[in-house]
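Enquirer: Contents of input-v3.cif (mmCIF, C-alpha atoms):
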data_query
#
loop_
_atom_site.group_PDB
_atom_site.id
_atom_site.type_symbol
_atom_site.label_atom_id
_atom_site.label_comp_id
_atom_site.auth_asym_id
_atom_site.auth_seq_id
_atom_site.Cartn_x
_atom_site.Cartn_y
_atom_site.Cartn_z
ATOM 1 C CA MET A 14 254.743 149.011 -58.880
ATOM 2 C CA ARG A 15 256.583 145.941 -57.534
ATOM 3 C CA CYS A 16 255.182 146.588 -54.061
ATOM 4 C CA TRP A 17 251.647 146.790 -55.480
ATOM 5 C CA LEU A 18 252.083 143.489 -57.361
ATOM 6 C CA ALA A 19 253.436 141.816 -54.224
ATOM 7 C CA THR A 20 250.412 143.043 -52.258
ATOM 8 C CA VAL A 21 247.996 141.703 -54.908
ATOM 9 C CA ALA A 22 249.782 138.325 -54.914
ATOM 10 C CA LEU A 23 249.671 138.177 -51.104
ATOM 11 C CA VAL A 24 245.936 139.007 -50.996
ATOM 12 C CA ALA A 25 245.212 136.425 -53.701
ATOM 13 C CA GLY A 26 247.253 133.845 -51.796
ATOM 14 C CA CYS A 27 245.306 134.587 -48.611
ATOM 15 C CA HIS A 28 242.029 134.176 -50.484
ATOM 16 C CA TYR A 29 242.946 130.612 -51.386
ATOM 17 C CA ALA A 30 244.288 129.854 -47.915
ATOM 18 C CA VAL A 31 241.016 130.764 -46.162
ATOM 19 C CA ARG A 32 238.751 127.767 -45.836
ATOM 20 C CA ALA A 33 235.051 128.221 -46.502
ATOM 21 C CA THR A 34 232.744 128.265 -43.480
ATOM 22 C CA PRO A 35 230.119 125.496 -43.579
ATOM 23 C CA SER A 36 226.458 126.388 -43.183
ATOM 24 C CA SER A 37 223.976 123.971 -41.635
ATOM 25 C CA ARG A 38 220.232 123.448 -41.507
ATOM 26 C CA VAL A 39 218.289 121.199 -39.153
ATOM 27 C CA TYR A 40 214.765 119.890 -39.432
ATOM 28 C CA ARG A 41 212.966 118.242 -36.523
ATOM 29 C CA GLY A 42 210.402 115.872 -37.949
ATOM 30 C CA PRO A 43 207.141 114.507 -36.554
ATOM 31 C CA ALA A 44 208.980 111.638 -34.826
ATOM 32 C CA PHE A 45 211.515 113.853 -33.020
ATOM 33 C CA ALA A 46 209.904 113.225 -29.609
ATOM 34 C CA HIS A 47 210.248 109.482 -30.252
ATOM 35 C CA THR A 48 213.610 109.465 -32.000
ATOM 36 C CA PRO A 49 214.896 105.926 -32.681
ATOM 37 C CA HIS A 50 218.034 105.066 -30.718
ATOM 38 C CA VAL A 51 219.020 101.751 -32.308
ATOM 39 C CA VAL A 52 219.544 102.670 -35.940
ATOM 40 C CA ALA A 53 220.795 100.771 -38.967
ATOM 41 C CA ALA A 54 223.291 102.797 -40.978
ATOM 42 C CA LEU A 55 222.279 102.352 -44.603
ATOM 43 C CA PRO A 56 225.018 102.554 -47.262
ATOM 44 C CA VAL A 57 226.253 106.110 -47.834
ATOM 45 C CA GLU A 58 224.866 107.576 -51.040
ATOM 46 C CA CYS A 59 227.390 109.455 -53.159
ATOM 47 C CA ARG A 60 227.841 109.539 -56.900
ATOM 48 C CA ASN A 61 231.368 110.974 -57.097
ATOM 49 C CA CYS A 62 232.983 109.752 -53.860
ATOM 50 C CA ALA A 63 236.020 107.503 -53.691
ATOM 51 C CA PRO A 64 235.693 104.335 -51.544
ATOM 52 C CA ASN A 65 237.926 105.794 -48.819
ATOM 53 C CA GLN A 66 235.680 108.885 -48.620
ATOM 54 C CA LEU A 67 232.590 106.686 -48.227
ATOM 55 C CA ASP A 68 234.308 104.719 -45.474
ATOM 56 C CA ALA A 69 235.433 107.909 -43.719
ATOM 57 C CA ILE A 70 231.973 109.495 -43.591
ATOM 58 C CA ALA A 71 230.341 106.195 -42.552
ATOM 59 C CA MET A 72 232.793 105.821 -39.660
ATOM 60 C CA GLN A 73 232.507 109.481 -38.658
ATOM 61 C CA THR A 74 228.706 109.455 -38.509
ATOM 62 C CA ARG A 75 228.640 106.164 -36.621
ATOM 63 C CA MET A 76 231.127 107.373 -34.007
ATOM 64 C CA GLY A 77 229.417 110.761 -33.706
ATOM 65 C CA LEU A 78 226.014 109.225 -33.075
ATOM 66 C CA GLU A 79 227.366 106.612 -30.666
ATOM 67 C CA LEU A 80 228.977 109.398 -28.611
ATOM 68 C CA ARG A 81 225.511 110.899 -28.302
ATOM 69 C CA GLY A 82 223.916 107.683 -27.000
ATOM 70 C CA TYR A 83 222.763 105.972 -30.184
ATOM 71 C CA THR A 84 223.443 102.318 -30.974
ATOM 72 C CA VAL A 85 224.420 102.107 -34.636
ATOM 73 C CA VAL A 86 224.299 98.879 -36.638
ATOM 74 C CA ASP A 87 226.972 99.565 -39.236
ATOM 75 C CA THR A 88 226.682 99.291 -43.003
ATOM 76 C CA GLU A 89 228.925 96.227 -43.194
ATOM 77 C CA LEU A 90 226.593 94.227 -40.961
ATOM 78 C CA VAL A 91 223.511 95.463 -42.834
ATOM 79 C CA ASN A 92 225.059 94.388 -46.153
ATOM 80 C CA ALA A 93 226.324 91.065 -44.769
ATOM 81 C CA GLU A 94 222.840 90.207 -43.462
ATOM 82 C CA ALA A 95 221.293 91.390 -46.742
ATOM 83 C CA ARG A 96 223.643 89.136 -48.733
ATOM 84 C CA MET A 97 222.764 86.180 -46.517
ATOM 85 C CA ARG A 98 219.044 86.779 -47.057
ATOM 86 C CA LEU A 99 219.556 87.283 -50.787
ATOM 87 C CA ARG A 100 221.559 84.065 -50.984
ATOM 88 C CA THR A 101 218.944 82.084 -49.042
ATOM 89 C CA SER A 102 216.150 83.511 -51.184
ATOM 90 C CA THR A 103 218.015 82.770 -54.419
ATOM 91 C CA GLU A 104 218.890 79.229 -53.353
ATOM 92 C CA GLN A 105 215.263 78.540 -52.491
ATOM 93 C CA LEU A 106 214.137 79.754 -55.907
ATOM 94 C CA SER A 107 216.814 77.988 -57.953
ATOM 95 C CA GLY A 108 217.692 75.014 -55.757
ATOM 96 C CA THR A 109 221.393 75.663 -56.375
ATOM 97 C CA ASP A 110 224.285 77.998 -55.501
ATOM 98 C CA ASN A 111 225.103 78.745 -59.152
ATOM 99 C CA GLU A 112 222.768 81.718 -59.468
ATOM 100 C CA TRP A 113 224.068 83.189 -56.195
ATOM 101 C CA ALA A 114 227.646 82.918 -57.485
ATOM 102 C CA LYS A 115 226.639 85.230 -60.355
ATOM 103 C CA GLU A 116 224.922 87.655 -57.964
ATOM 104 C CA GLU A 117 227.992 87.852 -55.737
ATOM 105 C CA VAL A 118 230.225 89.438 -58.367
ATOM 106 C CA THR A 119 227.912 92.408 -59.022
ATOM 107 C CA PRO A 120 229.232 95.668 -57.511
ATOM 108 C CA THR A 121 225.754 96.773 -56.356
ATOM 109 C CA PRO A 122 225.450 96.891 -52.557
ATOM 110 C CA ALA A 123 223.448 93.908 -51.290
ATOM 111 C CA TRP A 124 220.970 96.157 -49.449
ATOM 112 C CA THR A 125 219.713 97.613 -52.738
ATOM 113 C CA GLN A 126 219.186 94.137 -54.174
ATOM 114 C CA LEU A 127 216.513 93.295 -51.603
ATOM 115 C CA SER A 128 212.855 94.089 -52.177
ATOM 116 C CA PRO A 129 211.253 96.708 -49.886
ATOM 117 C CA ARG A 130 209.511 93.906 -47.968
ATOM 118 C CA GLN A 131 212.831 92.059 -47.517
ATOM 119 C CA GLN A 132 214.534 95.287 -46.420
ATOM 120 C CA HIS A 133 211.845 95.877 -43.783
ATOM 121 C CA GLU A 134 212.109 92.277 -42.530
ATOM 122 C CA LEU A 135 215.894 92.590 -42.353
ATOM 123 C CA LEU A 136 215.714 95.742 -40.227
ATOM 124 C CA ILE A 137 213.281 94.103 -37.810
ATOM 125 C CA ALA A 138 215.521 91.003 -37.612
ATOM 126 C CA LEU A 139 218.487 93.266 -36.761
ATOM 127 C CA GLY A 140 216.534 94.620 -33.783
ATOM 128 C CA VAL A 141 216.661 98.255 -34.860
ATOM 129 C CA ASP A 142 213.938 100.848 -34.418
ATOM 130 C CA GLY A 143 215.153 103.285 -37.076
ATOM 131 C CA VAL A 144 217.516 103.961 -39.939
ATOM 132 C CA LEU A 145 220.284 106.456 -40.623
ATOM 133 C CA HIS A 146 220.487 107.864 -44.146
ATOM 134 C CA THR A 147 223.720 109.600 -45.165
ATOM 135 C CA SER A 148 224.232 111.277 -48.519
ATOM 136 C CA VAL A 149 227.046 113.325 -50.009
ATOM 137 C CA THR A 150 226.463 115.620 -52.993
ATOM 138 C CA MET A 151 229.408 117.164 -54.839
ATOM 139 C CA THR A 152 229.046 119.641 -57.682
ATOM 140 C CA TYR A 153 231.662 121.446 -59.704
ATOM 141 C CA THR A 154 231.577 124.542 -61.884
ATOM 142 C CA ALA A 155 234.212 124.609 -64.584
ATOM 143 C CA THR A 156 235.221 128.233 -64.212
ATOM 144 C CA SER A 157 238.667 129.773 -64.051
ATOM 145 C CA ASP A 158 238.645 129.476 -60.239
ATOM 146 C CA PHE A 159 237.177 125.910 -60.181
ATOM 147 C CA HIS A 160 234.212 126.426 -57.893
ATOM 148 C CA GLN A 161 233.077 123.338 -55.948
ATOM 149 C CA THR A 162 230.172 122.701 -53.579
ATOM 150 C CA ILE A 163 229.799 119.790 -51.166
ATOM 151 C CA LEU A 164 226.693 119.011 -49.111
ATOM 152 C CA ILE A 165 226.354 116.249 -46.504
ATOM 153 C CA ALA A 166 222.880 115.282 -45.309
ATOM 154 C CA LEU A 167 222.080 113.017 -42.354
ATOM 155 C CA ALA A 168 218.597 111.793 -41.465
ATOM 156 C CA VAL A 169 217.251 109.493 -38.771
ATOM 157 C CA GLU A 170 213.860 107.953 -39.461
ATOM 158 C CA GLN A 171 211.581 105.458 -37.792
ATOM 159 C CA LEU A 172 211.111 102.146 -39.621
ATOM 160 C CA ASP A 173 207.877 103.409 -41.172
ATOM 161 C CA GLY A 174 209.789 106.298 -42.781
ATOM 162 C CA THR A 175 208.642 109.030 -40.395
ATOM 163 C CA VAL A 176 211.460 111.559 -40.007
ATOM 164 C CA ALA A 177 212.837 112.162 -36.508
ATOM 165 C CA TRP A 178 215.450 114.679 -37.619
ATOM 166 C CA ARG A 179 217.444 115.735 -40.630
ATOM 167 C CA SER A 180 220.617 117.767 -40.652
ATOM 168 C CA ASP A 181 222.643 118.977 -43.594
ATOM 169 C CA CYS A 182 225.790 120.997 -43.851
ATOM 170 C CA GLY A 183 227.333 122.428 -46.972
ATOM 171 C CA THR A 184 230.047 124.696 -48.201
ATOM 172 C CA SER A 185 231.500 125.926 -51.431
ATOM 173 C CA ASN A 186 234.932 127.241 -52.189
ATOM 174 C CA THR A 187 237.381 128.033 -54.901
ATOM 175 C CA GLY A 188 240.454 127.096 -52.927
ATOM 176 C CA ASP A 189 242.614 124.024 -52.790
ATOM 177 C CA ASP A 190 240.859 122.165 -49.941
ATOM 178 C CA THR A 191 240.769 118.458 -50.624
ATOM 179 C CA ASN A 192 237.392 116.810 -50.952
ATOM 180 C CA THR A 193 238.268 114.343 -48.199
ATOM 181 C CA TRP A 194 239.028 117.159 -45.740
ATOM 182 C CA MET A 195 235.828 118.979 -46.683
ATOM 183 C CA ILE A 196 233.706 115.820 -46.336
ATOM 184 C CA GLU A 197 235.106 115.165 -42.859
ATOM 185 C CA ARG A 198 234.544 118.779 -41.806
ATOM 186 C CA LEU A 199 230.978 118.848 -43.143
ATOM 187 C CA GLY A 200 230.146 115.505 -41.539
ATOM 188 C CA GLN A 201 231.214 116.906 -38.178
ATOM 189 C CA CYS A 202 229.225 120.079 -38.846
ATOM 190 C CA ALA A 203 226.061 118.061 -39.574
ATOM 191 C CA LEU A 204 226.549 116.027 -36.387
ATOM 192 C CA ASP A 205 227.356 119.000 -34.151
ATOM 193 C CA SER A 206 224.255 121.096 -34.745
ATOM 194 C CA GLU A 207 222.973 122.161 -31.341
ATOM 195 C CA ALA A 208 219.377 122.082 -32.573
ATOM 196 C CA LEU A 209 219.524 118.286 -32.688
ATOM 197 C CA TRP A 210 220.438 117.581 -29.090
#
Please lay out the structure from this file as structure tokens.
Expert:
Amino acid sequence: MRCWLATVALVAGCHYAVRATPSSRVYRGPAFAHTPHVVAALPVECRNCAPNQLDAIAMQTRMGLELRGYTVVDTELVNAEARMRLRTSTEQLSGTDNEWAKEEVTPTPAWTQLSPRQQHELLIALGVDGVLHTSVTMTYTATSDFHQTILIALAVEQLDGTVAWRSDCGTSNTGDDTNTWMIERLGQCALDSEALW
């Protein structure tokens, strides 16, 4: 009986030690033959991510694309330029810095505060010919084994919104993998798909 219990405990322990295998999907869009190569990395979209996780996936995707010949204008520069344009626009409307001082303390990324026309003008001013969208989706099921699913999606589009390619990679597990480890692994999976290159 003791031997049987030890075997069950060992098998259960191995179940939690095995990391889930990511699965990926790739879509080549209408602009794949003319894929942009100077892309602006838009802010990573994630509802439940911690700031360090957002920074990690932004850096990973930038480095991964640059290793494959892309020039990536990072999120910090996009937001800094967006803030400058927002400030200039606000000053012109109000004739003072006071209104901008109020805008500066809002936690919303500056990119999202620009109108679509201003966003398009900003991208052209940055000299890019496309954009990189990155999103992370995390879901949890409150069961006894705490099931979690994480999906990372990357997409490169031309400035007019025509998709060049989209790649996503996801996994689910009931183990003790940390979200940060899983996000890094899935980001690499989405970048490494052979169908993209």
Enquirer: (205.7, 116.3, -38.6) in this file's frame - what residues fall within 12 Å of it? Use all atoms listed in the file and give the answer as a tab-separated table (two decimals) with C-alpha atoms, in the coordinates of the input.
Expert:
chain	number	residue	atom	x	y	z
A	40	TYR	CA	214.76	119.89	-39.43
A	41	ARG	CA	212.97	118.24	-36.52
A	42	GLY	CA	210.40	115.87	-37.95
A	43	PRO	CA	207.14	114.51	-36.55
A	44	ALA	CA	208.98	111.64	-34.83
A	45	PHE	CA	211.52	113.85	-33.02
A	46	ALA	CA	209.90	113.22	-29.61
A	47	HIS	CA	210.25	109.48	-30.25
A	170	GLU	CA	213.86	107.95	-39.46
A	174	GLY	CA	209.79	106.30	-42.78
A	175	THR	CA	208.64	109.03	-40.40
A	176	VAL	CA	211.46	111.56	-40.01
A	177	ALA	CA	212.84	112.16	-36.51
A	178	TRP	CA	215.45	114.68	-37.62
A	179	ARG	CA	217.44	115.74	-40.63
Enquirer: Just how far from CA of Cys182 (chain A) is CA of Leu55 (chain A), in Å to one decimal?
Expert: 19.0 Å
Enquirer: Between CA of Asp142 (chain A) and CA of Val85 (chain A), what is the distance, to one decimal in Å?
Expert: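 Answer for the CA of Asp142 (chain A) to CA of Val85 (chain A) separation: 10.6 Å.
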Enquirer: Which value, in Å to one decimal, gives the distance between CA of Thr147 (chain A) and CA of Arg96 (chain A)?
Expert: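 Value for the CA of Thr147 (chain A)-CA of Arg96 (chain A) distance: 20.8 Å.
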Enquirer: Determine the nearest neighbour of Val39 (chain A) from the options A:Leu99, A:Val144, A:Ile196, A:Ala166, counting only C-alpha atoms.
Expert: A:Ala166
Enquirer: Using all atoms listed in the file, which protein or nucleic acid residues come within 9 Å of Leu127 (chain A)? Drop anything in the same chain fewer than 4 positions from it, and give the result as a PyMOL selection string.
Expert: chain A and resi 95-96+98-99+123+131-132
Enquirer: Compile the contact shell of Arg81 (chain A) as a ChimeraX atom specification: residues with an atom at most 10 Å away, counting all atoms listed in the file, same-chain residues fewer than 2 positions apart removed.
Expert: /A:50,76-79,83-84,204,210
Enquirer: Taking the file as shown, what set of residues would the PyMOL selection byres ((chain A and resi 91) around 9) give back, as a PyMOL selection string?
Expert: chain A and resi 53-56+86-90+92-96+123-124+135-136+139
Enquirer: Once you have the residues from the selection above, write them out as a short mmCIF file (atom, residue, chain, number, x, y, z; two decimals), keeping the file's coordinate frame, restricted to C-alpha atoms.
Expert:
data_model
loop_
_atom_site.label_atom_id
_atom_site.label_comp_id
_atom_site.auth_asym_id
_atom_site.auth_seq_id
_atom_site.Cartn_x
_atom_site.Cartn_y
_atom_site.Cartn_z
CA ALA A 53 220.80 100.77 -38.97
CA ALA A 54 223.29 102.80 -40.98
CA LEU A 55 222.28 102.35 -44.60
CA PRO A 56 225.02 102.55 -47.26
CA VAL A 86 224.30 98.88 -36.64
CA ASP A 87 226.97 99.56 -39.24
CA THR A 88 226.68 99.29 -43.00
CA GLU A 89 228.92 96.23 -43.19
CA LEU A 90 226.59 94.23 -40.96
CA ASN A 92 225.06 94.39 -46.15
CA ALA A 93 226.32 91.06 -44.77
CA GLU A 94 222.84 90.21 -43.46
CA ALA A 95 221.29 91.39 -46.74
CA ARG A 96 223.64 89.14 -48.73
CA ALA A 123 223.45 93.91 -51.29
CA TRP A 124 220.97 96.16 -49.45
CA LEU A 135 215.89 92.59 -42.35
CA LEU A 136 215.71 95.74 -40.23
CA LEU A 139 218.49 93.27 -36.76
#
Enquirer: Go through region 130-183 of chain A residue by residue and, counting all atoms listed in the file, keep those with an atom at most 9 Å from region 62-69 of chain A; for each kept residue give the shortest atom pair and its distance in Å to one decimal, ordered by chain and increasing number, as a Markdown table.
Expert:
| residue | atom | partner | partner_atom | distance |
| --- | --- | --- | --- | --- |
| A:Val149 | CA | A:Cys62 | CA | 7.9 |
| A:Thr150 | CA | A:Cys62 | CA | 8.8 |
| A:Met151 | CA | A:Cys62 | CA | 8.3 |
Enquirer: Closest to Arg38 (chain A) among A:Thr193, A:Leu167, A:Asp173, A:Glu58, using only C-alpha atoms?
Expert: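 The closest residue to Arg38 (chain A) is A:Leu167.
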Enquirer: Tell me which of A:Arg198, A:Met72, A:Ser180, A:Arg130 sits closest to Ile163 (chain A), counting all atoms listed in the file.
Expert: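 The closest residue to Ile163 (chain A) is A:Arg198.
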Enquirer: Written as an NGL selection string, what is the full residue list that the PyMOL selection byres ((chain A and resi 199) around 9) yields on the file shown?
Expert: :A and (35-37 or 163-165 or 181-184 or 194-198 or 200-204)
